[in-house]
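Source file: target-v3.pdb. Holds: PDB, N, CA and C atoms.
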ATOM      1  N   MET G   1     111.343  97.723 107.782
ATOM      2  CA  MET G   1     111.496  96.670 106.807
ATOM      3  C   MET G   1     111.682  95.308 107.473
ATOM      4  N   ASN G   2     112.345  95.280 108.608
ATOM      5  CA  ASN G   2     112.567  93.999 109.277
ATOM      6  C   ASN G   2     111.261  93.342 109.696
ATOM      7  N   ASN G   3     110.313  94.140 110.170
ATOM      8  CA  ASN G   3     109.018  93.586 110.577
ATOM      9  C   ASN G   3     108.289  92.976 109.386
ATOM     10  N   VAL G   4     108.298  93.662 108.273
ATOM     11  CA  VAL G   4     107.623  93.172 107.067
ATOM     12  C   VAL G   4     108.328  91.930 106.537
ATOM     13  N   GLU G   5     109.637  91.945 106.515
ATOM     14  CA  GLU G   5     110.411  90.792 106.053
ATOM     15  C   GLU G   5     110.102  89.575 106.915
ATOM     16  N   PHE G   6     110.050  89.752 108.214
ATOM     17  CA  PHE G   6     109.745  88.649 109.125
ATOM     18  C   PHE G   6     108.334  88.118 108.867
ATOM     19  N   TYR G   7     107.391  89.020 108.709
ATOM     20  CA  TYR G   7     106.002  88.623 108.468
ATOM     21  C   TYR G   7     105.861  87.815 107.185
ATOM     22  N   ILE G   8     106.430  88.310 106.116
ATOM     23  CA  ILE G   8     106.281  87.635 104.825
ATOM     24  C   ILE G   8     107.128  86.372 104.748
ATOM     25  N   ASN G   9     108.398  86.468 105.072
ATOM     26  CA  ASN G   9     109.307  85.342 104.860
ATOM     27  C   ASN G   9     109.269  84.284 105.951
ATOM     28  N   GLU G  10     108.861  84.645 107.138
ATOM     29  CA  GLU G  10     108.780  83.646 108.207
ATOM     30  C   GLU G  10     107.346  83.172 108.412
ATOM     31  N   PHE G  11     106.424  84.106 108.649
ATOM     32  CA  PHE G  11     105.056  83.697 108.952
ATOM     33  C   PHE G  11     104.280  83.220 107.721
ATOM     34  N   LEU G  12     104.222  84.021 106.680
ATOM     35  CA  LEU G  12     103.415  83.638 105.522
ATOM     36  C   LEU G  12     103.935  82.376 104.837
ATOM     37  N   LEU G  13     105.176  82.040 105.043
ATOM     38  CA  LEU G  13     105.746  80.836 104.442
ATOM     39  C   LEU G  13     105.942  79.706 105.460
ATOM     40  N   TYR G  14     105.535  79.902 106.706
ATOM     41  CA  TYR G  14     105.846  78.963 107.790
ATOM     42  C   TYR G  14     105.167  77.604 107.620
ATOM     43  N   TYR G  15     103.856  77.584 107.551
ATOM     44  CA  TYR G  15     103.121  76.328 107.452
ATOM     45  C   TYR G  15     102.976  75.864 106.006
ATOM     46  N   GLU G  16     102.620  76.790 105.172
ATOM     47  CA  GLU G  16     102.475  76.531 103.741
ATOM     48  C   GLU G  16     102.660  77.870 103.039
ATOM     49  N   PRO G  17     103.207  77.879 101.845
ATOM     50  CA  PRO G  17     103.406  79.151 101.153
ATOM     51  C   PRO G  17     102.079  79.874 100.898
ATOM     52  N   ARG G  18     102.028  81.118 101.328
ATOM     53  CA  ARG G  18     100.869  81.976 101.079
ATOM     54  C   ARG G  18     101.340  83.184 100.290
ATOM     55  N   LYS G  19     100.497  83.660  99.424
ATOM     56  CA  LYS G  19     100.834  84.857  98.673
ATOM     57  C   LYS G  19     100.804  86.073  99.592
ATOM     58  N   MET G  20     101.564  87.088  99.200
ATOM     59  CA  MET G  20     101.666  88.307  99.991
ATOM     60  C   MET G  20     100.301  88.911 100.279
ATOM     61  N   VAL G  21      99.389  88.868  99.333
ATOM     62  CA  VAL G  21      98.058  89.449  99.525
ATOM     63  C   VAL G  21      97.310  88.753 100.662
ATOM     64  N   MET G  22      97.572  87.481 100.893
ATOM     65  CA  MET G  22      96.910  86.770 101.992
ATOM     66  C   MET G  22      97.277  87.360 103.344
ATOM     67  N   GLY G  23      98.385  88.055 103.399
ATOM     68  CA  GLY G  23      98.785  88.713 104.634
ATOM     69  C   GLY G  23      97.764  89.714 105.133
ATOM     70  N   CYS G  24      96.959  90.238 104.241
ATOM     71  CA  CYS G  24      95.891  91.172 104.638
ATOM     72  C   CYS G  24      94.821  90.477 105.461
ATOM     73  N   TYR G  25      94.688  89.193 105.293
ATOM     74  CA  TYR G  25      93.589  88.450 105.901
ATOM     75  C   TYR G  25      93.996  87.591 107.095
ATOM     76  N   VAL G  26      95.281  87.337 107.272
ATOM     77  CA  VAL G  26      95.724  86.466 108.364
ATOM     78  C   VAL G  26      96.531  87.224 109.419
ATOM     79  N   ILE G  27      96.422  88.523 109.412
ATOM     80  CA  ILE G  27      97.159  89.352 110.369
ATOM     81  C   ILE G  27      96.776  89.027 111.814
ATOM     82  N   ASN G  28      95.520  88.683 112.051
ATOM     83  CA  ASN G  28      95.092  88.334 113.405
ATOM     84  C   ASN G  28      95.782  87.068 113.895
ATOM     85  N   GLU G  29      95.904  86.093 113.015
ATOM     86  CA  GLU G  29      96.609  84.858 113.355
ATOM     87  C   GLU G  29      98.067  85.154 113.717
ATOM     88  N   PHE G  30      98.663  86.085 112.992
ATOM     89  CA  PHE G  30     100.061  86.445 113.229
ATOM     90  C   PHE G  30     100.231  87.211 114.539
ATOM     91  N   LEU G  31      99.609  88.372 114.650
ATOM     92  CA  LEU G  31      99.854  89.235 115.816
ATOM     93  C   LEU G  31      99.104  88.792 117.065
ATOM     94  N   GLY G  32      98.072  87.987 116.904
ATOM     95  CA  GLY G  32      97.315  87.532 118.057
ATOM     96  C   GLY G  32      97.787  86.210 118.627
ATOM     97  N   ASN G  33      98.704  85.551 117.923
ATOM     98  CA  ASN G  33      99.130  84.238 118.379
ATOM     99  C   ASN G  33     100.566  83.928 117.967
ATOM    100  N   TRP G  34     100.789  83.735 116.681
ATOM    101  CA  TRP G  34     102.070  83.237 116.187
ATOM    102  C   TRP G  34     103.242  84.108 116.624
ATOM    103  N   PHE G  35     103.165  85.400 116.380
ATOM    104  CA  PHE G  35     104.255  86.316 116.731
ATOM    105  C   PHE G  35     104.538  86.279 118.224
ATOM    106  N   ILE G  36     103.489  86.252 119.022
ATOM    107  CA  ILE G  36     103.646  86.249 120.478
ATOM    108  C   ILE G  36     104.403  85.011 120.935
ATOM    109  N   ARG G  37     104.105  83.872 120.350
ATOM    110  CA  ARG G  37     104.742  82.628 120.768
ATOM    111  C   ARG G  37     106.102  82.379 120.127
ATOM    112  N   LYS G  38     106.264  82.779 118.863
ATOM    113  CA  LYS G  38     107.470  82.404 118.122
ATOM    114  C   LYS G  38     108.588  83.446 118.170
ATOM    115  N   ALA G  39     108.238  84.705 118.359
ATOM    116  CA  ALA G  39     109.259  85.761 118.388
ATOM    117  C   ALA G  39     109.584  86.075 119.850
ATOM    118  N   MET G  40     110.770  85.688 120.274
ATOM    119  CA  MET G  40     111.115  85.873 121.688
ATOM    120  C   MET G  40     111.191  87.347 122.084
ATOM    121  N   TRP G  41     111.192  88.230 121.110
ATOM    122  CA  TRP G  41     111.235  89.663 121.373
ATOM    123  C   TRP G  41     109.843  90.301 121.387
ATOM    124  N   SER G  42     108.792  89.488 121.389
ATOM    125  CA  SER G  42     107.441  90.048 121.330
ATOM    126  C   SER G  42     107.084  90.765 122.628
ATOM    127  N   THR G  43     106.686  92.000 122.477
ATOM    128  CA  THR G  43     106.229  92.841 123.578
ATOM    129  C   THR G  43     105.095  93.706 123.040
ATOM    130  N   ALA G  44     104.470  94.466 123.917
ATOM    131  CA  ALA G  44     103.433  95.392 123.453
ATOM    132  C   ALA G  44     104.019  96.373 122.442
ATOM    133  N   THR G  45     105.233  96.816 122.679
ATOM    134  CA  THR G  45     105.877  97.762 121.768
ATOM    135  C   THR G  45     106.114  97.142 120.397
ATOM    136  N   THR G  46     106.596  95.899 120.360
ATOM    137  CA  THR G  46     106.858  95.285 119.059
ATOM    138  C   THR G  46     105.563  94.941 118.325
ATOM    139  N   VAL G  47     104.498  94.668 119.059
ATOM    140  CA  VAL G  47     103.198  94.459 118.406
ATOM    141  C   VAL G  47     102.749  95.760 117.746
ATOM    142  N   LYS G  48     102.869  96.871 118.456
ATOM    143  CA  LYS G  48     102.509  98.178 117.891
ATOM    144  C   LYS G  48     103.375  98.504 116.679
ATOM    145  N   GLU G  49     104.662  98.224 116.771
ATOM    146  CA  GLU G  49     105.568  98.485 115.650
ATOM    147  C   GLU G  49     105.183  97.652 114.428
ATOM    148  N   ASN G  50     104.812  96.398 114.656
ATOM    149  CA  ASN G  50     104.388  95.545 113.548
ATOM    150  C   ASN G  50     103.105  96.062 112.913
ATOM    151  N   CYS G  51     102.184  96.530 113.715
ATOM    152  CA  CYS G  51     100.942  97.108 113.168
ATOM    153  C   CYS G  51     101.276  98.263 112.232
ATOM    154  N   ALA G  52     102.116  99.165 112.691
ATOM    155  CA  ALA G  52     102.480 100.332 111.883
ATOM    156  C   ALA G  52     103.244  99.915 110.626
ATOM    157  N   SER G  53     104.211  99.033 110.773
ATOM    158  CA  SER G  53     105.019  98.592 109.622
ATOM    159  C   SER G  53     104.172  97.909 108.562
ATOM    160  N   LEU G  54     103.311  97.007 108.995
ATOM    161  CA  LEU G  54     102.508  96.253 108.044
ATOM    162  C   LEU G  54     101.460  97.122 107.376
ATOM    163  N   LYS G  55     100.882  98.066 108.102
ATOM    164  CA  LYS G  55      99.946  98.998 107.467
ATOM    165  C   LYS G  55     100.653  99.843 106.407
ATOM    166  N   LYS G  56     101.854 100.322 106.710
ATOM    167  CA  LYS G  56     102.606 101.122 105.736
ATOM    168  C   LYS G  56     102.966 100.289 104.508
ATOM    169  N   PHE G  57     103.438  99.081 104.730
ATOM    170  CA  PHE G  57     103.818  98.213 103.618
ATOM    171  C   PHE G  57     102.633  97.928 102.709
ATOM    172  N   TYR G  58     101.530  97.522 103.301
ATOM    173  CA  TYR G  58     100.370  97.190 102.482
ATOM    174  C   TYR G  58      99.734  98.425 101.849
ATOM    175  N   LYS G  59      99.915  99.583 102.448
ATOM    176  CA  LYS G  59      99.443 100.812 101.801
ATOM    177  C   LYS G  59     100.224 101.050 100.509
ATOM    178  N   VAL G  60     101.523 100.847 100.565
ATOM    179  CA  VAL G  60     102.354 100.988  99.364
ATOM    180  C   VAL G  60     101.958  99.934  98.327
ATOM    181  N   MET G  61     101.681  98.726  98.781
ATOM    182  CA  MET G  61     101.248  97.675  97.853
ATOM    183  C   MET G  61      99.929  98.050  97.190
ATOM    184  N   PHE G  62      99.022  98.664  97.947
ATOM    185  CA  PHE G  62      97.754  99.135  97.388
ATOM    186  C   PHE G  62      97.987 100.272  96.396
ATOM    187  N   GLU G  63      98.790 101.251  96.786
ATOM    188  CA  GLU G  63      99.052 102.398  95.911
ATOM    189  C   GLU G  63      99.707 101.981  94.602
ATOM    190  N   ASN G  64     100.456 100.894  94.625
ATOM    191  CA  ASN G  64     101.124 100.402  93.420
ATOM    192  C   ASN G  64     100.356  99.262  92.751
ATOM    193  N   LYS G  65      99.113  99.067  93.195
ATOM    194  CA  LYS G  65      98.181  98.129  92.576
ATOM    195  C   LYS G  65      98.583  96.649  92.660
ATOM    196  N   PHE G  66      99.334  96.292  93.716
ATOM    197  CA  PHE G  66      99.643  94.883  93.953
ATOM    198  C   PHE G  66      98.528  94.214  94.741
ATOM    199  N   ILE G  67      97.738  95.022  95.470
ATOM    200  CA  ILE G  67      96.540  94.541  96.150
ATOM    201  C   ILE G  67      95.427  95.540  95.849
ATOM    202  N   ASN G  68      94.198  95.130  96.064
ATOM    203  CA  ASN G  68      93.096  96.052  95.786
ATOM    204  C   ASN G  68      92.634  96.750  97.068
ATOM    205  N   ASN G  69      91.695  97.649  96.909
ATOM    206  CA  ASN G  69      91.206  98.443  98.028
ATOM    207  C   ASN G  69      90.575  97.568  99.111
ATOM    208  N   GLU G  70      89.859  96.528  98.725
ATOM    209  CA  GLU G  70      89.215  95.644  99.691
ATOM    210  C   GLU G  70      90.249  94.919 100.550
ATOM    211  N   ASP G  71      91.337  94.487  99.936
ATOM    212  CA  ASP G  71      92.398  93.822 100.684
ATOM    213  C   ASP G  71      92.987  94.762 101.733
ATOM    214  N   TYR G  72      93.326  95.950 101.304
ATOM    215  CA  TYR G  72      93.932  96.917 102.220
ATOM    216  C   TYR G  72      92.943  97.322 103.320
ATOM    217  N   ALA G  73      91.698  97.553 102.955
ATOM    218  CA  ALA G  73      90.685  97.938 103.941
ATOM    219  C   ALA G  73      90.488  96.836 104.978
ATOM    220  N   GLU G  74      90.552  95.594 104.551
ATOM    221  CA  GLU G  74      90.414  94.473 105.483
ATOM    222  C   GLU G  74      91.566  94.456 106.483
ATOM    223  N   LEU G  75      92.778  94.640 106.009
ATOM    224  CA  LEU G  75      93.938  94.681 106.902
ATOM    225  C   LEU G  75      93.785  95.786 107.935
ATOM    226  N   VAL G  76      93.452  96.967 107.494
ATOM    227  CA  VAL G  76      93.305  98.116 108.398
ATOM    228  C   VAL G  76      92.186  97.852 109.406
ATOM    229  N   SER G  77      91.101  97.283 108.957
ATOM    230  CA  SER G  77      89.979  96.984 109.850
ATOM    231  C   SER G  77      90.361  95.959 110.913
ATOM    232  N   ILE G  78      91.041  94.913 110.511
ATOM    233  CA  ILE G  78      91.457  93.885 111.471
ATOM    234  C   ILE G  78      92.391  94.490 112.513
ATOM    235  N   ILE G  79      93.353  95.273 112.075
ATOM    236  CA  ILE G  79      94.281  95.898 113.014
ATOM    237  C   ILE G  79      93.523  96.799 113.987
ATOM    238  N   LYS G  80      92.624  97.603 113.467
ATOM    239  CA  LYS G  80      91.862  98.522 114.316
ATOM    240  C   LYS G  80      91.017  97.765 115.352
ATOM    241  N   CYS G  81      90.377  96.706 114.924
ATOM    242  CA  CYS G  81      89.482  95.953 115.810
ATOM    243  C   CYS G  81      90.216  95.054 116.798
ATOM    244  N   GLN G  82      91.371  94.538 116.423
ATOM    245  CA  GLN G  82      92.048  93.519 117.228
ATOM    246  C   GLN G  82      93.261  94.000 118.016
ATOM    247  N   LYS G  83      93.758  95.167 117.726
ATOM    248  CA  LYS G  83      95.022  95.627 118.306
ATOM    249  C   LYS G  83      95.026  95.572 119.838
ATOM    250  N   GLU G  84      93.977  96.043 120.465
ATOM    251  CA  GLU G  84      93.932  96.026 121.935
ATOM    252  C   GLU G  84      93.967  94.598 122.480
ATOM    253  N   ASP G  85      93.303  93.679 121.808
ATOM    254  CA  ASP G  85      93.354  92.273 122.220
ATOM    255  C   ASP G  85      94.771  91.724 122.099
ATOM    256  N   TRP G  86      95.455  92.063 121.013
ATOM    257  CA  TRP G  86      96.829  91.586 120.825
ATOM    258  C   TRP G  86      97.744  92.134 121.922
ATOM    259  N   LEU G  87      97.565  93.396 122.266
ATOM    260  CA  LEU G  87      98.400  94.003 123.301
ATOM    261  C   LEU G  87      98.152  93.337 124.656
ATOM    262  N   ARG G  88      96.903  93.068 124.961
ATOM    263  CA  ARG G  88      96.571  92.389 126.209
ATOM    264  C   ARG G  88      97.162  90.971 126.217
ATOM    265  N   THR G  89      97.026  90.274 125.100
ATOM    266  CA  THR G  89      97.516  88.901 125.013
ATOM    267  C   THR G  89      99.023  88.826 125.168
ATOM    268  N   VAL G  90      99.758  89.710 124.514
ATOM    269  CA  VAL G  90     101.216  89.656 124.623
ATOM    270  C   VAL G  90     101.666  89.988 126.049
ATOM    271  N   LYS G  91     100.988  90.904 126.699
ATOM    272  CA  LYS G  91     101.335  91.220 128.094
ATOM    273  C   LYS G  91     101.063  90.025 128.998
ATOM    274  N   GLU G  92      99.925  89.382 128.817
ATOM    275  CA  GLU G  92      99.594  88.203 129.620
ATOM    276  C   GLU G  92     100.574  87.068 129.365
ATOM    277  N   TYR G  93     100.918  86.854 128.117
ATOM    278  CA  TYR G  93     101.852  85.787 127.761
ATOM    279  C   TYR G  93     103.232  86.041 128.373
ATOM    280  N   ASN G  94     103.693  87.271 128.276
ATOM    281  CA  ASN G  94     105.016  87.595 128.808
ATOM    282  C   ASN G  94     105.050  87.609 130.327
ATOM    283  N   ASN G  95     103.895  87.710 130.968
ATOM    284  CA  ASN G  95     103.810  87.634 132.431
ATOM    285  C   ASN G  95     103.455  86.211 132.888
ATOM    286  N   TYR G  96     103.546  85.256 131.972
ATOM    287  CA  TYR G  96     103.277  83.838 132.229
ATOM    288  C   TYR G  96     101.853  83.581 132.693
ATOM    289  N   GLU G  97     100.912  84.430 132.264
ATOM    290  CA  GLU G  97      99.501  84.230 132.575
ATOM    291  C   GLU G  97      98.834  83.336 131.554
ATOM    292  N   ILE G  98      99.458  83.167 130.390
ATOM    293  CA  ILE G  98      98.945  82.284 129.331
ATOM    294  C   ILE G  98     100.005  81.228 129.062
ATOM    295  N   ASP G  99      99.582  79.992 129.037
ATOM    296  CA  ASP G  99     100.495  78.893 128.720
ATOM    297  C   ASP G  99      99.929  78.132 127.544
ATOM    298  N   TRP G 100     100.451  78.454 126.341
ATOM    299  CA  TRP G 100      99.951  77.767 125.152
ATOM    300  C   TRP G 100     100.518  76.404 125.110
TER     301      TRP G 100
END
Would it be possible to restate this file's structure as structure tokens?
Amino acid sequence: MNNVEFYINEFLLYYEPRKMVMGCYVINEFLGNWFIRKAMWSTATTVKENCASLKKFYKVMFENKFINNEDYAELVSIIKCQKEDWLRTVKEYNNYEIDW
């Protein structure tokens, strides 16, 4: 729950208020950049934990009809396609190989 709360209440509301459903589409921005830079606890493990937490949360949102199948499928697809890049990026960032 903490991962989902952080994603919705910190990230989705950080720059401008976004609806919860938009979280299905901006997950790459979050786990590929924002989380790595803004959460001092970001590691490969916490990126993996966020992937699992957010997939579970949005699955429940889909099952309860708060989002549609396309929204949920997009989230799952982005996570599947980008996860390895996020893991590489967080490792590089934490080893001071990336200086944003």
At a cut-off of 6.5 Å from (97.7, 93.2, 118.2) in the coordinates of the file, what residues are picked up using only N, CA and C atoms, written as a PyMOL selection string?
chain G and resi 31-32+47-48+82-87
What residues in region 17-95 of chain G get the DSSP label alpha helix (DSSP H)? Please answer as a PyMOL selection string.
chain G and resi 27-29+35-38+44-63+69-94
Reference answer for the PyMOL selection byres (((chain G and resi 35 and name CA) around 12) and name CA), as a PyMOL selection string:
chain G and resi 3+6-7+10-12+14+26-34+36-44+46-47+50-51+86-87+89-90+93
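Taking only C-alpha atoms into account, Lys56 (chain G) lies nearest to G:Leu75 out of the set G:Ile8, G:Leu75, G:Met20, G:Leu13.
Relative to atom C of Ile78 (chain G), atom N of Phe62 (chain G) is found at 16.5 Å.
Between Asp71 (chain G) and the residues G:Glu49, G:Lys59, G:Asn9, G:Cys24, the shortest atom-to-atom distance, using only N, CA and C atoms, involves G:Cys24.
Interatomic distance, atom N of Ile67 (chain G) to CA of Cys81 (chain G): 22.0 Å.
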Calculate how many Å separate atom N of Lys80 (chain G) from atom C of Thr45 (chain G), rounding to one decimal.
15.2 Å
